[in-house]
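Q: Sharing a structure here in structure tokens format.
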Amino acid sequence: MSEKEKSAAGNAGSPPTPRSGSRGFMVLSILAVVLIGLNLRAGITSAAPLFLDLQEFLGYGAFVTALLPSIPTLVFAAAGLSTAWLARRLGLSGTILFALCLLSVGLAFRALPTTWALLAGTVAAMCGLALCNVSMPSFIRENFAQKTSLMTGLYTITMSLGATAASALSVPLALAAGSPTLGLATWSILAAAAALAFLPFMLMARADRPAAPATSGISPFSLIRTKRGLVITGLFSAQAILAYAIMSWLPTILISRSMAAADAGVILGVLQVMSIPATMFSLWLVNKHGMLRGAFFLTSISAAAGLTGLVWLPLSLAWLCAVVLGIGFSIFPLVLLVISFSGENSEETTAMSTLAQSLGYLVATSGPFGMGLLYSLTGSWTVPLVLLIGVTGLMLWLGVVASGYRRAVVQRVP
């Protein structure tokens, strides 16, 4: 074994930080995971039920209409690249705190009743989300080395809870505030609360953790030369195309079929709620029975079935489609789990997370933007939904391959 390999193996098995076993530290760690999770989809799903109201209120045209739901994935792709660089300078917890502050400011900025403020605030908020998205697999690995699957499940469940609340309450909050932009800005309060609650955890972690040795850093793009890097990035891309296309356009699809906007937001909430027990079941299959491949089959086939229902079932059964799609959405924690085990240490895991999420979200932009563009060209949601069904087939194949890479040795592409 080379010296570099010995060093990596030593880092992977290094003991936890001094307070990592104390009750106070663990409570703060779990609270941090919960509050961050609650925020990571609320800023996206809160906007989806209001897209038509925002267009009418601000008066922007078709290009902004297609661009707005595409901003999250575009920004995730660009901003995620800076996460590893920031983590080496601010530390992992410092990067997360900075991200939460940026998220809060960006969401609050959307209160201004102008199109440029809506776009600029969304970009800033999504930069904060991008940093959190990339940092969280390493954060969980670093603070919950023995309970990675459990905490990944808790993290994704709270993401679903936040998304559910945001999609269901978005329209009522906008009505109460008197405008859709003010309604969107109210979610900055949740982000600010997460930042304030995360601060004591960060201070305690830094006080107890010894200074880390200098490292040369791992380039995320060196991992694209590996088979595992290609497969994980492709898998992340496929599930992100599905997730962000549906989160962005499901309410609009239902509204275009004569469903009330508030009811359409509730249907999106049903999808998010269903993803919670589905996530618990999927992770149970993995933890208790080692059925990672079976969990990928379950989630991918469910996603395909839900999309098929949206195409051919009547509007009265939209709730059933949302339930089945919710099962499909539970593929996300499975992908995070694969990423969490993808490196020999937290630095390599962060690099893999940066690669998968940066390139993955760039590719995933084709989901929400492409659906909006296809709808404007065809006047129907059938073609975009059928193409998404094809994406679930790719997702299944990549998930089956990725299930064999858990704890596997990275193989170079010739």
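All residue names refer to the structure tokens as shown: chains lettered A, B, ... in order, residues numbered from 1 in each chain, ligands numbered from 1 in order.
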Can I get the residues of stretch 299-368 of chain A within 7 Å of stretch 130-139 of chain A, each with the closest pair of atoms and their distance in Å to one decimal, using only C-alpha atoms, sorted chain first then ascending number, as a Markdown table?
A:
```
| residue | atom | partner | partner_atom | distance |
| --- | --- | --- | --- | --- |
| A:Leu336 | CA | A:Pro137 | CA | 6.7 |
| A:Ser340 | CA | A:Pro137 | CA | 5.4 |
| A:Ser346 | CA | A:Ser138 | CA | 5.4 |
| A:Thr349 | CA | A:Ser138 | CA | 6.2 |
| A:Thr350 | CA | A:Ser138 | CA | 5.7 |
| A:Ser353 | CA | A:Val134 | CA | 5.5 |
| A:Thr354 | CA | A:Val134 | CA | 5.7 |
| A:Gln357 | CA | A:Val134 | CA | 6.8 |
```
Q: For the residues in that selection, give me N, CA, C and O atoms as a short mmCIF file (atom, residue, chain, number, x, y, z; two decimals), in the first residue's frame.
A:
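File written: out38.cif
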```cif
data_model
loop_
_atom_site.label_atom_id
_atom_site.label_comp_id
_atom_site.auth_asym_id
_atom_site.auth_seq_id
_atom_site.Cartn_x
_atom_site.Cartn_y
_atom_site.Cartn_z
N LEU A 336 -27.88 9.94 -2.24
CA LEU A 336 -27.03 10.56 -1.22
C LEU A 336 -26.23 9.51 -0.46
O LEU A 336 -25.07 9.73 -0.09
N SER A 340 -22.29 9.36 -0.01
CA SER A 340 -21.67 9.39 1.32
C SER A 340 -20.62 8.31 1.49
O SER A 340 -19.64 8.49 2.21
N SER A 346 -13.70 12.41 4.25
CA SER A 346 -14.71 13.44 4.00
C SER A 346 -14.31 14.36 2.85
O SER A 346 -15.17 14.87 2.13
N THR A 349 -15.21 12.57 -0.29
CA THR A 349 -16.66 12.54 -0.40
C THR A 349 -17.19 13.89 -0.87
O THR A 349 -18.10 13.97 -1.70
N THR A 350 -16.63 14.99 -0.31
CA THR A 350 -17.03 16.32 -0.75
C THR A 350 -16.73 16.52 -2.23
O THR A 350 -17.53 17.12 -2.98
N SER A 353 -19.31 14.61 -4.18
CA SER A 353 -20.58 15.31 -4.07
C SER A 353 -20.58 16.55 -4.97
O SER A 353 -21.57 16.85 -5.64
N THR A 354 -19.46 17.26 -4.99
CA THR A 354 -19.35 18.45 -5.84
C THR A 354 -19.46 18.08 -7.31
O THR A 354 -20.18 18.73 -8.08
N GLN A 357 -23.15 16.75 -8.11
CA GLN A 357 -24.19 17.75 -8.04
C GLN A 357 -23.97 18.89 -9.03
O GLN A 357 -24.94 19.40 -9.61
#
```
Q: Neighbours of stretch 309-324 of chain A within 7 Å (only C-alpha atoms; same-chain residues fewer than 5 positions away dropped), as a VMD selection string?
A: chain A and resid 267 to 268 270 to 271 274 302 to 303 382 385
Q: Measuring between only C-alpha atoms, which one of A:Gly269, A:Gly43, A:Gly91, A:Gly379 shows the shortest distance to A:Ser188?
A: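 Closest to A:Ser188, using only C-alpha atoms: A:Gly43.
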Q: Which residue out of A:Leu283, A:Met126, A:Leu242, A:Leu169 has the minimum interatomic distance to A:Ser46 when only C-alpha atoms are used?
A: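 Using only C-alpha atoms, A:Ser46 sits closest to A:Leu169.
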Q: List the spatial neighbours of stretch 192-197 of chain A as a list of chain:residue names - criterion: any atom at most 9 Å away, only C-alpha atoms, same-chain residues fewer than 2 positions off excluded.
A: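 Counting only C-alpha atoms, the residues come to A:Leu28, A:Leu31, A:Ala32, A:Val34, A:Leu35, A:Ile36, A:Leu38, A:Asn39, A:Ile96, A:Leu97, A:Phe98, A:Ala99, A:Leu100, A:Cys101, A:Leu103, A:Ser104, A:Val105, A:Trp187, A:Ser188, A:Ile189, A:Leu190, A:Leu199, A:Pro200, A:Phe201.
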Q: Can you tell me, as a PyMOL selection string, which residues in stretch 189-275 of chain A count as alpha helix (DSSP H) by DSSP?
A: chain A and resi 189-208+227-256+261-275
Q: Need the shell around stretch 159-162 of chain A: protein/DNA/RNA residues with any atom at most 7 Å away, counting only C-alpha atoms. Skip same-chain ones fewer than 5 positions apart. Format as a ChimeraX atom specification?
A: /A:37-42,272-273,275-276
Q: Please list as a VMD selection string every residue within 8 Å of A:Pro384, counting only C-alpha atoms and excluding residues in the same chain fewer than 3 positions away.
A: chain A and resid 370 to 371 374 to 375 381 387 to 388
Q: Please produce a file of the residues just selected, as an mmCIF file, in the first residue's frame, where the atoms kept are all heavy atoms.
A:
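The resulting file, again-v9.cif, is reproduced below:
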```cif
data_model
loop_
_atom_site.group_PDB
_atom_site.id
_atom_site.type_symbol
_atom_site.label_atom_id
_atom_site.label_comp_id
_atom_site.auth_asym_id
_atom_site.auth_seq_id
_atom_site.Cartn_x
_atom_site.Cartn_y
_atom_site.Cartn_z
ATOM 1 N N GLY A 370 -36.766 22.397 -20.293
ATOM 2 C CA GLY A 370 -37.245 21.662 -21.454
ATOM 3 C C GLY A 370 -38.741 21.416 -21.417
ATOM 4 O O GLY A 370 -39.417 21.499 -22.451
ATOM 5 N N MET A 371 -39.278 21.131 -20.232
ATOM 6 C CA MET A 371 -40.721 20.912 -20.131
ATOM 7 C C MET A 371 -41.490 22.179 -20.468
ATOM 8 O O MET A 371 -42.487 22.144 -21.191
ATOM 9 C CB MET A 371 -41.088 20.433 -18.722
ATOM 10 C CG MET A 371 -40.774 18.980 -18.469
ATOM 11 S SD MET A 371 -41.522 18.358 -16.936
ATOM 12 C CE MET A 371 -43.249 18.257 -17.399
ATOM 13 N N LEU A 374 -41.165 22.759 -24.301
ATOM 14 C CA LEU A 374 -41.971 21.814 -25.072
ATOM 15 C C LEU A 374 -43.457 22.117 -24.959
ATOM 16 O O LEU A 374 -44.207 21.994 -25.933
ATOM 17 C CB LEU A 374 -41.688 20.380 -24.622
ATOM 18 C CG LEU A 374 -40.383 19.758 -25.106
ATOM 19 C CD1 LEU A 374 -40.148 18.418 -24.432
ATOM 20 C CD2 LEU A 374 -40.398 19.598 -26.629
ATOM 21 N N TYR A 375 -43.879 22.526 -23.767
ATOM 22 C CA TYR A 375 -45.295 22.862 -23.595
ATOM 23 C C TYR A 375 -45.669 24.086 -24.442
ATOM 24 O O TYR A 375 -46.734 24.125 -25.068
ATOM 25 C CB TYR A 375 -45.607 23.127 -22.132
ATOM 26 C CG TYR A 375 -47.038 23.570 -21.912
ATOM 27 C CD1 TYR A 375 -48.088 22.669 -22.040
ATOM 28 C CD2 TYR A 375 -47.332 24.887 -21.580
ATOM 29 C CE1 TYR A 375 -49.407 23.067 -21.851
ATOM 30 C CE2 TYR A 375 -48.649 25.300 -21.390
ATOM 31 C CZ TYR A 375 -49.672 24.386 -21.519
ATOM 32 O OH TYR A 375 -50.965 24.791 -21.340
ATOM 33 N N TRP A 381 -48.930 18.828 -22.328
ATOM 34 C CA TRP A 381 -47.932 18.289 -21.404
ATOM 35 C C TRP A 381 -47.604 16.822 -21.696
ATOM 36 O O TRP A 381 -46.765 16.234 -21.016
ATOM 37 C CB TRP A 381 -48.432 18.414 -19.968
ATOM 38 C CG TRP A 381 -48.495 19.825 -19.488
ATOM 39 C CD1 TRP A 381 -49.609 20.588 -19.309
ATOM 40 C CD2 TRP A 381 -47.381 20.650 -19.115
ATOM 41 N NE1 TRP A 381 -49.271 21.845 -18.857
ATOM 42 C CE2 TRP A 381 -47.902 21.908 -18.726
ATOM 43 C CE3 TRP A 381 -46.000 20.463 -19.087
ATOM 44 C CZ2 TRP A 381 -47.100 22.956 -18.297
ATOM 45 C CZ3 TRP A 381 -45.188 21.513 -18.661
ATOM 46 C CH2 TRP A 381 -45.744 22.744 -18.284
ATOM 47 N N LEU A 387 -41.339 11.925 -22.198
ATOM 48 C CA LEU A 387 -39.873 11.973 -22.156
ATOM 49 C C LEU A 387 -39.353 11.724 -20.740
ATOM 50 O O LEU A 387 -38.319 11.074 -20.557
ATOM 51 C CB LEU A 387 -39.383 13.320 -22.680
ATOM 52 C CG LEU A 387 -39.541 13.556 -24.186
ATOM 53 C CD1 LEU A 387 -39.118 14.968 -24.560
ATOM 54 C CD2 LEU A 387 -38.748 12.526 -24.983
ATOM 55 N N LEU A 388 -40.069 12.225 -19.740
ATOM 56 C CA LEU A 388 -39.667 11.963 -18.354
ATOM 57 C C LEU A 388 -39.770 10.482 -18.014
ATOM 58 O O LEU A 388 -38.971 9.957 -17.221
ATOM 59 C CB LEU A 388 -40.531 12.777 -17.388
ATOM 60 C CG LEU A 388 -40.138 14.233 -17.146
ATOM 61 C CD1 LEU A 388 -41.048 14.839 -16.067
ATOM 62 C CD2 LEU A 388 -38.676 14.366 -16.726
#
```
Q: Considering only C-alpha atoms, can you say which of A:Leu230, A:Thr115, A:Gly328, A:Glu142 comes closest to A:Ala305?
A: A:Gly328
Q: Using only C-alpha atoms, which protein or nucleic acid residues come within 12 Å of A:Ile339? Drop anything in the same chain fewer than 2 positions from it, and give the result as a count of residues only.
A: 46
Q: Just checking: using only C-alpha atoms, which residue out of A:Gly265, A:Gly404, A:Gly128, A:Gly234 ends up closest to A:Pro72?
A: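 Checking each of A:Gly265, A:Gly404, A:Gly128, A:Gly234 against A:Pro72, counting only C-alpha atoms, the winner is A:Gly128.
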Q: Compile a residue-level contact table for stretch 121-175 of chain A against stretch 249-254 of chain A at a cut-off of 12 Å, reporting for every qualifying residue the shortest atom pair and its distance in Å to one decimal, with only C-alpha atoms counted, rows ordered by chain and ascending number, as a Markdown table.
A:
```
| residue | atom | partner | partner_atom | distance |
| --- | --- | --- | --- | --- |
| A:Ser167 | CA | A:Pro251 | CA | 9.2 |
| A:Ala168 | CA | A:Pro251 | CA | 10.8 |
| A:Ser170 | CA | A:Pro251 | CA | 11.7 |
| A:Val171 | CA | A:Pro251 | CA | 11.4 |
```
Q: One number please: atom CA of A:Phe144 to atom CA of A:Arg23, in Å, one decimal.
A: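 A separation of 13.1 Å between them.
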Q: Could you check the closest approach to A:Ser380 for each of A:Asn287, A:Ser330, A:Ser300, A:Ser256 and tell me which residue wins, using only C-alpha atoms?
A: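 Of A:Asn287, A:Ser330, A:Ser300, A:Ser256, the one nearest A:Ser380, counting only C-alpha atoms, is A:Ser256.
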Q: Just the residues within 12 Å of A:Phe57, please, counting only C-alpha atoms, with nothing from its chain fewer than 5 positions along; format it as a PyMOL selection string.
A: chain A and resi 50-52+112-115+118+174+178-182
Q: Can you write just those residues out, all heavy atoms, as an mmCIF file, in the first residue's frame?
A:
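Output (again-v3.cif):
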```
data_model
loop_
_atom_site.group_PDB
_atom_site.id
_atom_site.type_symbol
_atom_site.label_atom_id
_atom_site.label_comp_id
_atom_site.auth_asym_id
_atom_site.auth_seq_id
_atom_site.Cartn_x
_atom_site.Cartn_y
_atom_site.Cartn_z
ATOM 1 N N LEU A 50 -47.184 29.359 -7.414
ATOM 2 C CA LEU A 50 -47.407 30.785 -7.642
ATOM 3 C C LEU A 50 -46.895 31.267 -9.003
ATOM 4 O O LEU A 50 -46.939 32.467 -9.281
ATOM 5 C CB LEU A 50 -46.727 31.603 -6.537
ATOM 6 C CG LEU A 50 -47.303 31.432 -5.128
ATOM 7 C CD1 LEU A 50 -46.417 32.150 -4.113
ATOM 8 C CD2 LEU A 50 -48.722 31.968 -5.062
ATOM 9 N N PHE A 51 -46.405 30.355 -9.848
ATOM 10 C CA PHE A 51 -45.817 30.784 -11.110
ATOM 11 C C PHE A 51 -46.798 31.588 -11.955
ATOM 12 O O PHE A 51 -46.452 32.638 -12.511
ATOM 13 C CB PHE A 51 -45.305 29.577 -11.899
ATOM 14 C CG PHE A 51 -43.977 29.057 -11.432
ATOM 15 C CD1 PHE A 51 -43.626 27.727 -11.614
ATOM 16 C CD2 PHE A 51 -43.069 29.892 -10.803
ATOM 17 C CE1 PHE A 51 -42.400 27.247 -11.189
ATOM 18 C CE2 PHE A 51 -41.841 29.427 -10.375
ATOM 19 C CZ PHE A 51 -41.512 28.098 -10.565
ATOM 20 N N LEU A 52 -48.027 31.120 -12.080
ATOM 21 C CA LEU A 52 -49.011 31.841 -12.886
ATOM 22 C C LEU A 52 -49.368 33.182 -12.243
ATOM 23 O O LEU A 52 -49.508 34.199 -12.942
ATOM 24 C CB LEU A 52 -50.260 30.986 -13.071
ATOM 25 C CG LEU A 52 -50.072 29.702 -13.899
ATOM 26 C CD1 LEU A 52 -51.388 28.920 -13.980
ATOM 27 C CD2 LEU A 52 -49.555 30.022 -15.293
ATOM 28 N N LEU A 112 -39.449 42.309 -3.040
ATOM 29 C CA LEU A 112 -39.577 43.473 -3.913
ATOM 30 C C LEU A 112 -40.417 43.114 -5.137
ATOM 31 O O LEU A 112 -40.162 42.102 -5.800
ATOM 32 C CB LEU A 112 -38.197 43.970 -4.346
ATOM 33 C CG LEU A 112 -37.268 44.433 -3.212
ATOM 34 C CD1 LEU A 112 -35.916 44.830 -3.786
ATOM 35 C CD2 LEU A 112 -37.896 45.588 -2.452
ATOM 36 N N PRO A 113 -41.407 43.923 -5.479
ATOM 37 C CA PRO A 113 -42.349 43.570 -6.550
ATOM 38 C C PRO A 113 -41.836 43.896 -7.954
ATOM 39 O O PRO A 113 -42.470 44.628 -8.719
ATOM 40 C CB PRO A 113 -43.588 44.404 -6.203
ATOM 41 C CG PRO A 113 -43.031 45.630 -5.546
ATOM 42 C CD PRO A 113 -41.812 45.169 -4.778
ATOM 43 N N THR A 114 -40.665 43.383 -8.294
ATOM 44 C CA THR A 114 -40.113 43.585 -9.635
ATOM 45 C C THR A 114 -39.568 42.254 -10.152
ATOM 46 O O THR A 114 -39.157 41.393 -9.363
ATOM 47 C CB THR A 114 -38.973 44.620 -9.641
ATOM 48 O OG1 THR A 114 -37.897 44.152 -8.822
ATOM 49 C CG2 THR A 114 -39.462 45.961 -9.098
ATOM 50 N N THR A 115 -39.522 42.118 -11.466
ATOM 51 C CA THR A 115 -39.023 40.873 -12.058
ATOM 52 C C THR A 115 -37.548 40.666 -11.758
ATOM 53 O O THR A 115 -37.113 39.550 -11.450
ATOM 54 C CB THR A 115 -39.248 40.886 -13.586
ATOM 55 O OG1 THR A 115 -40.645 41.014 -13.848
ATOM 56 C CG2 THR A 115 -38.738 39.604 -14.221
ATOM 57 N N LEU A 118 -37.079 39.374 -8.274
ATOM 58 C CA LEU A 118 -37.477 37.966 -8.196
ATOM 59 C C LEU A 118 -36.365 37.068 -8.711
ATOM 60 O O LEU A 118 -36.006 36.064 -8.082
ATOM 61 C CB LEU A 118 -38.759 37.751 -9.007
ATOM 62 C CG LEU A 118 -39.241 36.309 -9.149
ATOM 63 C CD1 LEU A 118 -39.641 35.726 -7.804
ATOM 64 C CD2 LEU A 118 -40.401 36.229 -10.133
ATOM 65 N N ALA A 174 -49.465 33.868 0.317
ATOM 66 C CA ALA A 174 -49.483 34.959 -0.651
ATOM 67 C C ALA A 174 -50.779 35.757 -0.550
ATOM 68 O O ALA A 174 -50.769 36.991 -0.638
ATOM 69 C CB ALA A 174 -49.307 34.405 -2.059
ATOM 70 N N GLY A 178 -50.937 39.660 0.589
ATOM 71 C CA GLY A 178 -51.442 40.631 -0.374
ATOM 72 C C GLY A 178 -50.746 40.620 -1.711
ATOM 73 O O GLY A 178 -51.133 41.348 -2.620
ATOM 74 N N SER A 179 -49.690 39.803 -1.872
ATOM 75 C CA SER A 179 -48.999 39.682 -3.158
ATOM 76 C C SER A 179 -48.194 38.394 -3.178
ATOM 77 O O SER A 179 -47.739 37.925 -2.120
ATOM 78 C CB SER A 179 -48.062 40.876 -3.404
ATOM 79 O OG SER A 179 -46.855 40.735 -2.685
ATOM 80 N N PRO A 180 -47.980 37.810 -4.362
ATOM 81 C CA PRO A 180 -47.192 36.571 -4.425
ATOM 82 C C PRO A 180 -45.725 36.773 -4.049
ATOM 83 O O PRO A 180 -45.097 35.861 -3.509
ATOM 84 C CB PRO A 180 -47.336 36.138 -5.886
ATOM 85 C CG PRO A 180 -47.721 37.362 -6.629
ATOM 86 C CD PRO A 180 -48.523 38.188 -5.673
ATOM 87 N N THR A 181 -45.165 37.964 -4.314
ATOM 88 C CA THR A 181 -43.758 38.186 -3.967
ATOM 89 C C THR A 181 -43.556 38.248 -2.460
ATOM 90 O O THR A 181 -42.585 37.699 -1.926
ATOM 91 C CB THR A 181 -43.245 39.484 -4.625
ATOM 92 O OG1 THR A 181 -44.089 40.574 -4.251
ATOM 93 C CG2 THR A 181 -43.230 39.349 -6.139
ATOM 94 N N LEU A 182 -44.465 38.916 -1.747
ATOM 95 C CA LEU A 182 -44.373 38.945 -0.284
ATOM 96 C C LEU A 182 -44.587 37.555 0.294
ATOM 97 O O LEU A 182 -43.954 37.173 1.285
ATOM 98 C CB LEU A 182 -45.399 39.915 0.293
ATOM 99 C CG LEU A 182 -45.097 41.407 0.155
ATOM 100 C CD1 LEU A 182 -46.267 42.239 0.665
ATOM 101 C CD2 LEU A 182 -43.809 41.766 0.906
#
```
Q: Of the residues A:Val383, A:Leu150, A:Met202, A:Ala245, which is the one nearest to A:Phe281, using only C-alpha atoms?
A: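 Closest candidate: A:Leu150.
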